[in-house]
Every structure is written in C-alpha cells, then in structure tokens.
file model.cif (mmCIF, C-alpha atoms)
data_protein
loop_
_atom_site.label_atom_id
_atom_site.label_comp_id
_atom_site.auth_asym_id
_atom_site.auth_seq_id
_atom_site.Cartn_x
_atom_site.Cartn_y
_atom_site.Cartn_z
CA MET A 1 136.55 -109.59 19.46
CA ALA A 2 138.51 -106.67 18.13
CA ALA A 3 141.90 -108.41 18.05
CA ALA A 4 140.53 -111.44 16.24
CA LEU A 5 138.67 -109.33 13.72
CA PHE A 6 141.71 -107.26 12.89
CA ALA A 7 143.60 -110.33 11.69
CA VAL A 8 140.98 -110.67 8.96
CA CYS A 9 141.86 -107.20 7.67
CA CYS A 10 145.52 -108.02 7.36
CA LEU A 11 144.86 -111.25 5.62
CA ALA A 12 142.70 -110.01 2.35
CA ALA A 13 155.18 -87.12 30.07
CA VAL A 14 152.55 -84.31 30.19
CA PRO A 15 150.60 -83.68 33.43
CA SER A 16 146.83 -83.97 33.38
CA GLY A 17 145.03 -80.82 32.31
CA THR A 18 147.91 -79.25 30.35
CA SER A 19 148.46 -78.82 26.64
CA ALA A 20 151.64 -80.16 25.10
CA ALA A 21 153.49 -78.43 22.29
CA TYR A 22 154.45 -80.31 19.17
CA GLY A 23 157.06 -82.91 20.05
CA ALA A 24 156.00 -83.28 23.70
CA VAL A 25 155.33 -86.99 24.15
CA ARG A 26 152.58 -87.84 26.63
CA ALA A 27 153.33 -90.69 29.03
CA THR A 28 150.87 -92.91 30.88
CA GLU A 29 151.15 -93.52 34.61
CA ALA A 30 149.60 -95.78 37.24
CA SER A 31 149.49 -93.14 39.97
CA GLY A 32 147.63 -95.26 42.49
CA THR A 33 145.23 -92.51 43.56
CA VAL A 34 142.13 -94.38 42.31
CA THR A 35 142.31 -98.18 42.25
CA TYR A 36 139.99 -101.18 42.26
CA GLY A 37 140.68 -104.89 42.36
CA ASN A 38 141.13 -108.13 44.22
CA SER A 39 143.94 -110.61 44.85
CA LYS A 40 144.46 -111.20 41.11
CA VAL A 41 143.42 -108.02 39.32
CA LYS A 42 144.19 -104.36 39.92
CA ILE A 43 142.69 -101.51 37.91
CA ASP A 44 144.33 -98.10 38.19
CA ALA A 45 141.75 -95.47 37.22
CA SER A 46 143.78 -92.46 38.35
CA HIS A 47 143.87 -90.94 34.86
CA THR A 48 140.50 -91.69 33.34
CA ASN A 49 140.10 -87.94 32.79
CA ASP A 50 143.09 -88.24 30.43
CA GLY A 51 141.36 -91.00 28.48
CA TYR A 52 143.02 -94.17 29.72
CA LEU A 53 143.13 -96.69 32.53
CA MET A 54 145.65 -99.36 33.44
CA VAL A 55 145.13 -103.02 34.33
CA LYS A 56 147.50 -105.46 36.06
CA TYR A 57 147.00 -109.20 36.47
CA SER A 58 148.93 -111.11 39.13
CA GLY A 59 147.33 -114.53 38.88
CA ARG A 60 148.73 -117.66 37.25
CA ASN A 61 146.42 -118.02 34.27
CA SER A 62 148.24 -117.73 30.94
CA ARG A 63 145.35 -116.27 28.91
CA ILE A 64 143.61 -113.13 30.13
CA LYS A 65 141.05 -110.89 28.42
CA VAL A 66 140.11 -107.32 29.30
CA GLN A 67 136.68 -106.13 28.14
CA ILE A 68 135.77 -102.44 28.18
CA THR A 69 132.17 -101.49 27.42
CA HIS A 70 130.52 -98.11 26.97
CA ASP A 71 128.60 -97.59 23.71
CA ALA A 72 130.65 -100.38 22.13
CA THR A 73 132.51 -103.36 23.60
CA TYR A 74 136.28 -103.54 23.15
CA THR A 75 138.04 -106.81 23.96
CA TYR A 76 141.80 -107.01 24.47
CA ASP A 77 144.39 -109.60 25.43
CA LEU A 78 146.22 -108.71 28.62
CA ASN A 79 149.77 -109.88 27.96
CA ALA A 80 151.82 -108.57 30.89
CA ARG A 81 152.02 -110.26 34.28
CA ASP A 82 152.54 -108.30 37.49
CA ALA A 83 152.84 -105.14 35.38
CA TYR A 84 150.32 -102.60 34.15
CA GLU A 85 149.06 -102.37 30.58
CA VAL A 86 147.32 -99.31 29.15
CA PHE A 87 143.80 -99.37 27.70
CA PRO A 88 142.15 -96.34 26.09
CA LEU A 89 138.71 -94.93 26.88
CA THR A 90 137.73 -93.89 23.37
CA GLU A 91 133.94 -93.73 23.71
CA GLY A 92 133.78 -90.36 25.51
CA ASP A 93 132.25 -89.46 28.87
CA GLY A 94 129.96 -91.72 30.84
CA SER A 95 129.88 -95.06 32.60
CA TYR A 96 132.32 -97.77 31.52
CA SER A 97 132.16 -101.41 32.50
CA ILE A 98 135.61 -102.97 32.98
CA LYS A 99 135.76 -106.77 33.13
CA VAL A 100 138.76 -109.09 33.36
CA PHE A 101 138.40 -112.74 32.31
CA GLU A 102 140.57 -115.81 32.88
CA ASN A 103 140.67 -118.64 30.37
CA ILE A 104 139.09 -121.89 31.55
CA SER A 105 139.60 -124.06 28.48
CA GLY A 106 139.53 -123.57 24.75
CA ASN A 107 137.64 -120.33 24.08
CA GLN A 108 135.81 -120.36 27.42
CA TYR A 109 136.52 -117.64 29.97
CA ALA A 110 135.35 -116.92 33.52
CA GLN A 111 135.12 -113.46 35.03
CA ALA A 112 137.89 -112.66 37.50
CA PHE A 113 136.88 -109.10 38.30
CA SER A 114 134.38 -106.43 37.25
CA GLN A 115 134.11 -102.73 37.96
CA SER A 116 132.00 -99.82 36.70
CA ILE A 117 133.84 -96.51 36.32
CA GLN A 118 132.51 -93.03 35.64
CA VAL A 119 134.62 -91.13 33.10
CA ALA A 120 134.69 -87.35 32.58
CA LEU A 121 137.41 -86.44 30.08
CA SER A 122 139.35 -83.22 30.54
CA ASP A 123 139.39 -82.99 26.74
CA PRO A 124 137.54 -85.34 24.34
CA ASN A 125 140.67 -85.73 22.20
CA LEU A 126 142.94 -86.97 24.99
CA PRO A 127 142.34 -90.71 24.37
CA PHE A 128 143.88 -90.18 20.93
CA LEU A 129 147.10 -88.57 22.18
CA TYR A 130 148.41 -91.16 24.63
CA PRO A 131 150.05 -94.52 23.83
CA ASN A 132 148.12 -97.75 24.29
CA GLN A 133 148.32 -101.42 23.31
CA TYR A 134 147.62 -100.77 19.64
CA VAL A 135 149.66 -97.58 19.35
CA ASN A 136 152.61 -98.24 21.64
CA PHE A 137 155.36 -95.61 21.83
CA HIS A 138 157.34 -93.57 24.36
CA ALA A 139 159.74 -90.64 24.43
CA GLY A 140 162.69 -92.91 23.61
CA SER A 141 161.06 -94.63 20.64
CA ASN A 142 162.85 -94.29 17.32
CA ALA A 143 159.44 -93.59 15.80
CA VAL A 144 159.23 -90.48 17.97
CA ALA A 145 162.69 -89.30 16.91
CA VAL A 146 161.88 -89.76 13.22
CA SER A 147 158.54 -88.02 13.74
CA SER A 148 160.31 -85.01 15.22
CA GLN A 149 162.67 -84.85 12.26
CA LEU A 150 159.76 -85.00 9.82
CA SER A 151 158.00 -82.21 11.69
CA GLU A 152 160.88 -79.77 11.36
CA GLY A 153 160.05 -77.13 8.79
CA ALA A 154 156.40 -78.15 8.48
CA ALA A 155 154.22 -75.06 8.21
CA ASP A 156 151.30 -76.47 10.20
CA GLN A 157 149.66 -79.65 11.44
CA LEU A 158 148.58 -80.69 7.97
CA GLY A 159 152.19 -80.33 6.86
CA ILE A 160 153.26 -82.73 9.61
CA VAL A 161 150.53 -85.20 8.61
CA THR A 162 151.66 -85.03 4.99
CA ASN A 163 155.34 -85.52 5.86
CA VAL A 164 154.59 -88.53 8.08
CA PHE A 165 152.31 -90.09 5.48
CA ASN A 166 154.85 -89.65 2.67
CA PHE A 167 157.68 -91.05 4.79
CA VAL A 168 155.80 -94.20 5.76
CA VAL A 169 154.45 -95.04 2.31
CA ASP A 170 157.81 -94.27 0.65
CA ASN A 171 159.89 -96.34 3.08
CA LEU A 172 157.69 -99.33 3.98
CA THR A 173 156.68 -102.27 1.83
CA TYR A 174 153.71 -104.53 2.44
CA ASP A 175 154.65 -107.86 4.03
CA TYR A 176 152.50 -110.42 2.22
CA GLU A 177 154.09 -113.39 4.02
CA LYS A 178 153.29 -111.87 7.39
CA ALA A 179 149.76 -111.04 6.24
CA ALA A 180 149.19 -114.68 5.30
CA THR A 181 150.37 -116.03 8.65
CA VAL A 182 149.45 -113.35 11.22
CA GLN A 183 147.71 -114.71 14.29
CA SER A 184 144.77 -113.29 16.20
CA GLY A 185 145.98 -111.04 18.99
CA TYR A 186 148.96 -109.70 17.06
CA LEU A 187 150.16 -106.28 18.24
CA PRO A 188 152.49 -104.01 16.24
CA ASP A 189 155.86 -102.73 17.41
CA VAL A 190 156.39 -99.33 15.79
CA ASP A 191 160.19 -99.42 16.10
CA VAL A 192 160.41 -102.91 14.62
CA THR A 193 158.30 -101.72 11.71
CA LEU A 194 160.70 -98.81 11.19
CA GLU A 195 163.75 -101.08 11.39
CA THR A 196 162.47 -103.78 9.05
CA LYS A 197 160.78 -101.27 6.71
CA LYS A 198 157.86 -103.60 6.12
CA GLY A 199 154.60 -104.56 7.70
CA ILE A 200 150.93 -105.35 7.37
CA CYS A 201 148.10 -102.82 7.43
CA PHE A 202 148.02 -102.80 11.23
CA ASP A 203 151.74 -101.93 11.34
CA TYR A 204 151.36 -99.06 8.87
CA ALA A 205 148.41 -97.56 10.73
CA SER A 206 149.99 -97.96 14.16
CA LEU A 207 153.26 -96.36 13.07
CA MET A 208 151.59 -93.34 11.46
CA THR A 209 149.30 -92.88 14.45
CA ALA A 210 152.21 -93.04 16.91
CA MET A 211 154.26 -90.56 14.92
CA LEU A 212 151.40 -88.05 14.79
CA ARG A 213 150.49 -88.44 18.46
CA ALA A 214 154.15 -87.84 19.30
CA GLN A 215 153.67 -84.39 17.76
CA ASP A 216 150.56 -83.89 19.92
CA ILE A 217 148.20 -84.23 16.98
CA PRO A 218 145.09 -86.19 18.05
CA THR A 219 144.92 -89.24 15.80
CA LYS A 220 142.56 -92.20 15.71
CA LEU A 221 143.58 -95.62 14.48
CA VAL A 222 140.19 -96.67 13.15
CA ILE A 223 139.15 -100.23 12.35
CA GLY A 224 135.99 -101.00 10.45
CA TYR A 225 134.53 -101.82 7.06
CA THR A 226 134.76 -100.48 3.54
CA GLY A 227 132.05 -102.35 1.73
CA ASP A 228 132.34 -105.93 2.96
CA LEU A 229 136.09 -105.73 3.63
CA TYR A 230 137.64 -105.21 7.05
CA HIS A 231 140.23 -102.43 6.99
CA ALA A 232 142.10 -99.78 8.94
CA TRP A 233 142.42 -96.08 8.37
CA ILE A 234 143.43 -92.94 10.23
CA SER A 235 141.45 -89.87 11.26
CA VAL A 236 143.20 -86.71 12.43
CA TYR A 237 142.08 -83.70 14.45
CA LEU A 238 143.32 -80.44 12.94
CA GLU A 239 143.19 -77.10 14.71
CA ASN A 240 140.41 -74.79 13.50
CA GLN A 241 138.98 -77.63 11.44
CA GLY A 242 138.07 -80.53 13.71
CA TRP A 243 138.22 -84.21 12.90
CA VAL A 244 139.11 -85.05 9.31
CA ASP A 245 137.77 -88.58 9.04
CA ASN A 246 139.53 -91.18 6.89
CA ILE A 247 142.32 -88.73 6.03
CA ILE A 248 144.74 -91.67 5.69
CA TYR A 249 143.21 -94.96 4.62
CA PHE A 250 144.00 -98.38 3.21
CA ASP A 251 141.99 -99.66 0.25
CA GLY A 252 143.24 -103.24 0.44
CA GLN A 253 146.23 -102.63 -1.82
CA ASN A 254 147.53 -99.12 -1.24
CA TRP A 255 147.63 -96.43 1.41
CA SER A 256 146.17 -93.11 0.29
CA MET A 257 145.77 -89.64 1.74
CA MET A 258 142.50 -87.81 1.24
CA ASP A 259 142.66 -84.44 -0.47
CA PRO A 260 142.43 -82.09 2.53
CA THR A 261 140.45 -79.55 0.50
CA PHE A 262 137.46 -81.87 0.91
CA ALA A 263 137.57 -81.45 4.67
CA SER A 264 134.92 -79.30 6.28
CA SER A 265 135.52 -76.73 8.98
CA GLY A 266 132.35 -78.01 10.56
CA GLY A 267 133.90 -81.43 11.05
CA LYS A 268 131.72 -83.17 8.47
CA SER A 269 132.88 -86.70 7.63
CA TYR A 270 133.82 -87.60 4.08
CA GLY A 271 134.33 -91.14 2.85
CA ALA A 272 137.77 -92.06 1.60
CA GLY A 273 137.88 -92.67 -2.13
CA ASN A 274 134.68 -94.00 -3.63
CA GLU A 275 134.03 -96.51 -0.87
CA THR A 276 131.78 -96.12 2.12
CA TYR A 277 133.82 -96.42 5.29
CA ARG A 278 132.04 -97.62 8.44
CA ALA A 279 134.04 -97.31 11.64
CA LYS A 280 133.70 -100.08 14.22
CA TYR A 281 136.54 -99.43 16.68
CA SER A 282 138.80 -96.44 17.38
CA TYR A 283 142.07 -96.84 19.26
#

call {"tool": "encode", "arguments": {"input": "model.cif", "output": "structure tokens"}}
result
Amino acid sequence: MAAALFAVCCLAAVPSGTSAAYGAVRATEASGTVTYGNSKVKIDASHTNDGYLMVKYSGRNSRIKVQITHDATYTYDLNARDAYEVFPLTEGDGSYSIKVFENISGNQYAQAFSQSIQVALSDPNLPFLYPNQYVNFHAGSNAVAVSSQLSEGAADQLGIVTNVFNFVVDNLTYDYEKAATVQSGYLPDVDVTLETKKGICFDYASLMTAMLRAQDIPTKLVIGYTGDLYHAWISVYLENQGWVDNIIYFDGQNWSMMDPTFASSGGKSYGAGNETYRAKYSY
C-alpha cells in the first residue's frame, strides 16, 4: 500500500472550468450533485472533472481504507469520521474503481462499498493543482502566505519554483529522529513543517508541492524508486515547456534541483542526477 511503502523511504476556491492566476488557491468541495453510497459510506463525485473526489465514512469502525484503481491502485487511510476527505484522480481519463474497506482484525479488511466512476478531466493537470491528503493546504495556510511572498518579483514560473526550492532547503533541516520512528500512514502537515523548520522527505516534498500549487503551478509529488531505494521527488508543469520530470528530487541525503536547461520543450523526461528514477505513485 502506498502509505506503508512511503514510510520505508523516510526511514533509509476556483470554479470548475476556469483558470486561476498565480496566487489563486483552488479549494475542494463536496457539492452533492453526483453522489453514491450506502448507510456507512458516501462518495461525492461532483468534481471528478477537476481531478478529485471526496469520501465520507459514518460507520463505527476505527480503521478504514479507500482504494482507487485505474491504471494503478492507490490505497489510503480514511481518517475523518462523518466528514469528507479528498482523494485525487491522478491517472487521467477513464474508468476508476472506488472501494472502501472496514478493518475486521489485524490486517484483514472487508469491503463496505464499491463504485465505478467514469472520469473526463477538464484539464489533465487539474489533479496536481488541488489539495489532497498528501498535499493538504488551503487559502489560510501559512504555507500559502509564504509561497505568495516568495513569488513576488519572480520573473516567471521557473523563478517561483527556484525561490520555493531555495527557501525550503535553506530553512528546513532533516529530522533523523522522526525518520527513525515514523509510522505507516503518516501524513504531513505543511504548516507544522514550516513552524518546526524540520521534517522527513515526505514533509519536504509535501511543503514544496503545496507552495507551488498555491501559485497555480501544476506539481506532482512523486513516489517511486531510484535504484533499489524508495524516494520522493517533484515534477512541475511549466508553460510552453510541459512537464519537467524530477525537477526537485531527494537522493537519500540531500534535496537537489535539476538544471532546467536540460528540460525539453517536447516534455521529454530526464532522470535526476545519475540515478534512474522510476515513478510508482503521483499525488
């Protein structure tokens, strides 16, 4: 499962169909226009065209999993009760299977609800502009305020990316104690990371991704492998250039930013550093 795997790495409001300007923070919403569910589970699919859906669990079970399958299977913990949580649809257009599981005992789960949903994105980059479980922010987040300050005076999107990268790596220190004790299912809090000025790789990546999305720059928090090691890195979509893959990456010891001159206007992917990066999940 994605959450469990990520622990290994750390151990070693804009209406649909509109374009936001820099600094316009997109907000998720359970509109209630398209819903599915039963007495325990409710899925709000009103904004699948924006790249996300929302799930609410109202039962009494203390451990709930949400599984979203398209080309790949993403498994999440559902932590809220009687309140919606946001889950991204990062695999593009097509049919998605949404399943919600309740814990029976130990690591055994039983299905509480299942639904297939057809997704047609208004823009393929939208899933990487909204907040979600792994990149959780809102208009009032301190991370958004700092992001706006860092964006002032930047000549272009790449300037914003550079300013955000430099700020995070200059102001945060790696938390080795946290890395040694982090539990499966851990989720970052971008404002806590800013306040404490330290974190694990997940915290770094989540904070940078949130700050860039707050400036309406499509950004992927990518989890996968470099060699045999499980890591995180960041890919960014730049106007007139396309996706620059692995533009910000973690080599196990340091965060680095790829020389943007290596990026291709045709959107060709380049590996970060001398390692081969293989993406597994994008959030």

call {"tool": "residues_around", "arguments": {"input": "model.cif", "residues": "range 59-67 of chain A", "least_positions_apart": "4", "cutoff": "12 Å", "atoms": "all atoms listed in the file", "output": "number ranges by chain"}}
result
A: 1-3, 38-43, 53-55, 72-83, 85-89, 96-116, 133, 185

call {"tool": "write_last_selection", "arguments": {"input": "model.cif", "atoms": "C-alpha atoms", "output": "CSV table (one decimal), in the coordinates of the input"}}
result
chain,number,residue,atom,x,y,z
A,1,MET,CA,136.6,-109.6,19.5
A,2,ALA,CA,138.5,-106.7,18.1
A,3,ALA,CA,141.9,-108.4,18.0
A,38,ASN,CA,141.1,-108.1,44.2
A,39,SER,CA,143.9,-110.6,44.8
A,40,LYS,CA,144.5,-111.2,41.1
A,41,VAL,CA,143.4,-108.0,39.3
A,42,LYS,CA,144.2,-104.4,39.9
A,43,ILE,CA,142.7,-101.5,37.9
A,53,LEU,CA,143.1,-96.7,32.5
A,54,MET,CA,145.6,-99.4,33.4
A,55,VAL,CA,145.1,-103.0,34.3
A,72,ALA,CA,130.6,-100.4,22.1
A,73,THR,CA,132.5,-103.4,23.6
A,74,TYR,CA,136.3,-103.5,23.2
A,75,THR,CA,138.0,-106.8,24.0
A,76,TYR,CA,141.8,-107.0,24.5
A,77,ASP,CA,144.4,-109.6,25.4
A,78,LEU,CA,146.2,-108.7,28.6
A,79,ASN,CA,149.8,-109.9,28.0
A,80,ALA,CA,151.8,-108.6,30.9
A,81,ARG,CA,152.0,-110.3,34.3
A,82,ASP,CA,152.5,-108.3,37.5
A,83,ALA,CA,152.8,-105.1,35.4
A,85,GLU,CA,149.1,-102.4,30.6
A,86,VAL,CA,147.3,-99.3,29.2
A,87,PHE,CA,143.8,-99.4,27.7
A,88,PRO,CA,142.2,-96.3,26.1
A,89,LEU,CA,138.7,-94.9,26.9
A,96,TYR,CA,132.3,-97.8,31.5
A,97,SER,CA,132.2,-101.4,32.5
A,98,ILE,CA,135.6,-103.0,33.0
A,99,LYS,CA,135.8,-106.8,33.1
A,100,VAL,CA,138.8,-109.1,33.4
A,101,PHE,CA,138.4,-112.7,32.3
A,102,GLU,CA,140.6,-115.8,32.9
A,103,ASN,CA,140.7,-118.6,30.4
A,104,ILE,CA,139.1,-121.9,31.6
A,105,SER,CA,139.6,-124.1,28.5
A,106,GLY,CA,139.5,-123.6,24.8
A,107,ASN,CA,137.6,-120.3,24.1
A,108,GLN,CA,135.8,-120.4,27.4
A,109,TYR,CA,136.5,-117.6,30.0
A,110,ALA,CA,135.4,-116.9,33.5
A,111,GLN,CA,135.1,-113.5,35.0
A,112,ALA,CA,137.9,-112.7,37.5
A,113,PHE,CA,136.9,-109.1,38.3
A,114,SER,CA,134.4,-106.4,37.2
A,115,GLN,CA,134.1,-102.7,38.0
A,116,SER,CA,132.0,-99.8,36.7
A,133,GLN,CA,148.3,-101.4,23.3
A,185,GLY,CA,146.0,-111.0,19.0

call {"tool": "resolve_selection", "arguments": {"input": "model.cif", "expression": "the PyMOL selection byres ((chain A and resi 157) around 10)", "output": "ChimeraX atom specification"}}
result
/A:22,151,154-156,158-163,212,215-217,236-239

call {"tool": "resolve_selection", "arguments": {"input": "model.cif", "expression": "the PyMOL selection byres ((chain A and resi 175) around 8)", "output": "ChimeraX atom specification"}}
result
/A:173-174,176-179,198-200

call {"tool": "write_last_selection", "arguments": {"input": "model.cif", "atoms": "C-alpha atoms", "output": "PDB file, keeping the file's coordinate frame"}}
result
ATOM      1  CA  THR A 173     156.680-102.270   1.830  1.00  0.00           C
ATOM      2  CA  TYR A 174     153.710-104.530   2.440  1.00  0.00           C
ATOM      3  CA  TYR A 176     152.500-110.420   2.220  1.00  0.00           C
ATOM      4  CA  GLU A 177     154.090-113.390   4.020  1.00  0.00           C
ATOM      5  CA  LYS A 178     153.290-111.870   7.390  1.00  0.00           C
ATOM      6  CA  ALA A 179     149.760-111.040   6.240  1.00  0.00           C
ATOM      7  CA  LYS A 198     157.860-103.600   6.120  1.00  0.00           C
ATOM      8  CA  GLY A 199     154.600-104.560   7.700  1.00  0.00           C
ATOM      9  CA  ILE A 200     150.930-105.350   7.370  1.00  0.00           C
TER      10      ILE A 200
END

call {"tool": "atom_distance", "arguments": {"input": "model.cif", "atom1": "CA of Asn142 in chain A", "atom2": "CA of Lys197 in chain A"}}
result
12.9 Å

call {"tool": "atom_distance", "arguments": {"input": "model.cif", "atom1": "CA of Ser206 in chain A", "atom2": "CA of Thr90 in chain A"}}
result
15.9 Å

call {"tool": "closest_residue", "arguments": {"input": "model.cif", "among": "A:Thr209, A:Ile117, A:Ala45, A:Gly37", "to": "Ser58 in chain A", "atoms": "all atoms listed in the file"}}
result
A:Gly37

call {"tool": "residues_around", "arguments": {"input": "model.cif", "residues": "Ala210 in chain A", "least_positions_apart": "2", "cutoff": "8 Å", "atoms": "all atoms listed in the file", "output": "list in words"}}
result
Pro131, Val135, Asn136, Phe137, Ala143, Val144, Val190, Ser206, Leu207, Met208, Leu212, Arg213 and Ala214 of chain A

call {"tool": "residues_around", "arguments": {"input": "model.cif", "residues": "Val169 in chain A", "least_positions_apart": "5", "cutoff": "9 Å", "atoms": "all atoms listed in the file", "output": "MDAnalysis selection string"}}
result
chainID A and resid 164 204 254:256

call {"tool": "resolve_selection", "arguments": {"input": "model.cif", "expression": "the PyMOL selection byres ((chain A and resi 130) around 7)", "output": "list in words"}}
result
Arg26, Ala27, Thr28, Leu126, Pro127, Phe128, Leu129, Pro131 and Asn132 of chain A

call {"tool": "closest_residue", "arguments": {"input": "model.cif", "among": "A:Gly242, A:Pro188, A:Leu194, A:Gln183", "to": "Phe167 in chain A", "atoms": "only C-alpha atoms"}}
result
A:Leu194

call {"tool": "atom_distance", "arguments": {"input": "model.cif", "atom1": "CA of Ile234 in chain A", "atom2": "CA of Ser282 in chain A"}}
result
9.2 Å

call {"tool": "closest_residue", "arguments": {"input": "model.cif", "among": "A:Glu195, A:Asp71, A:Asp123, A:Asp170", "to": "Lys280 in chain A", "atoms": "only C-alpha atoms"}}
result
A:Asp71

call {"tool": "closest_residue", "arguments": {"input": "model.cif", "among": "A:Asn171, A:Thr35, A:Thr181, A:Ser95", "to": "Thr193 in chain A", "atoms": "all atoms listed in the file"}}
result
A:Asn171

call {"tool": "closest_residue", "arguments": {"input": "model.cif", "among": "A:Met211, A:Ala205, A:Ala120, A:Leu150", "to": "Trp233 in chain A", "atoms": "all atoms listed in the file"}}
result
A:Ala205

call {"tool": "closest_residue", "arguments": {"input": "model.cif", "among": "A:Val244, A:Met257, A:Ala279, A:Val34", "to": "Gln118 in chain A", "atoms": "only C-alpha atoms"}}
result
A:Val34
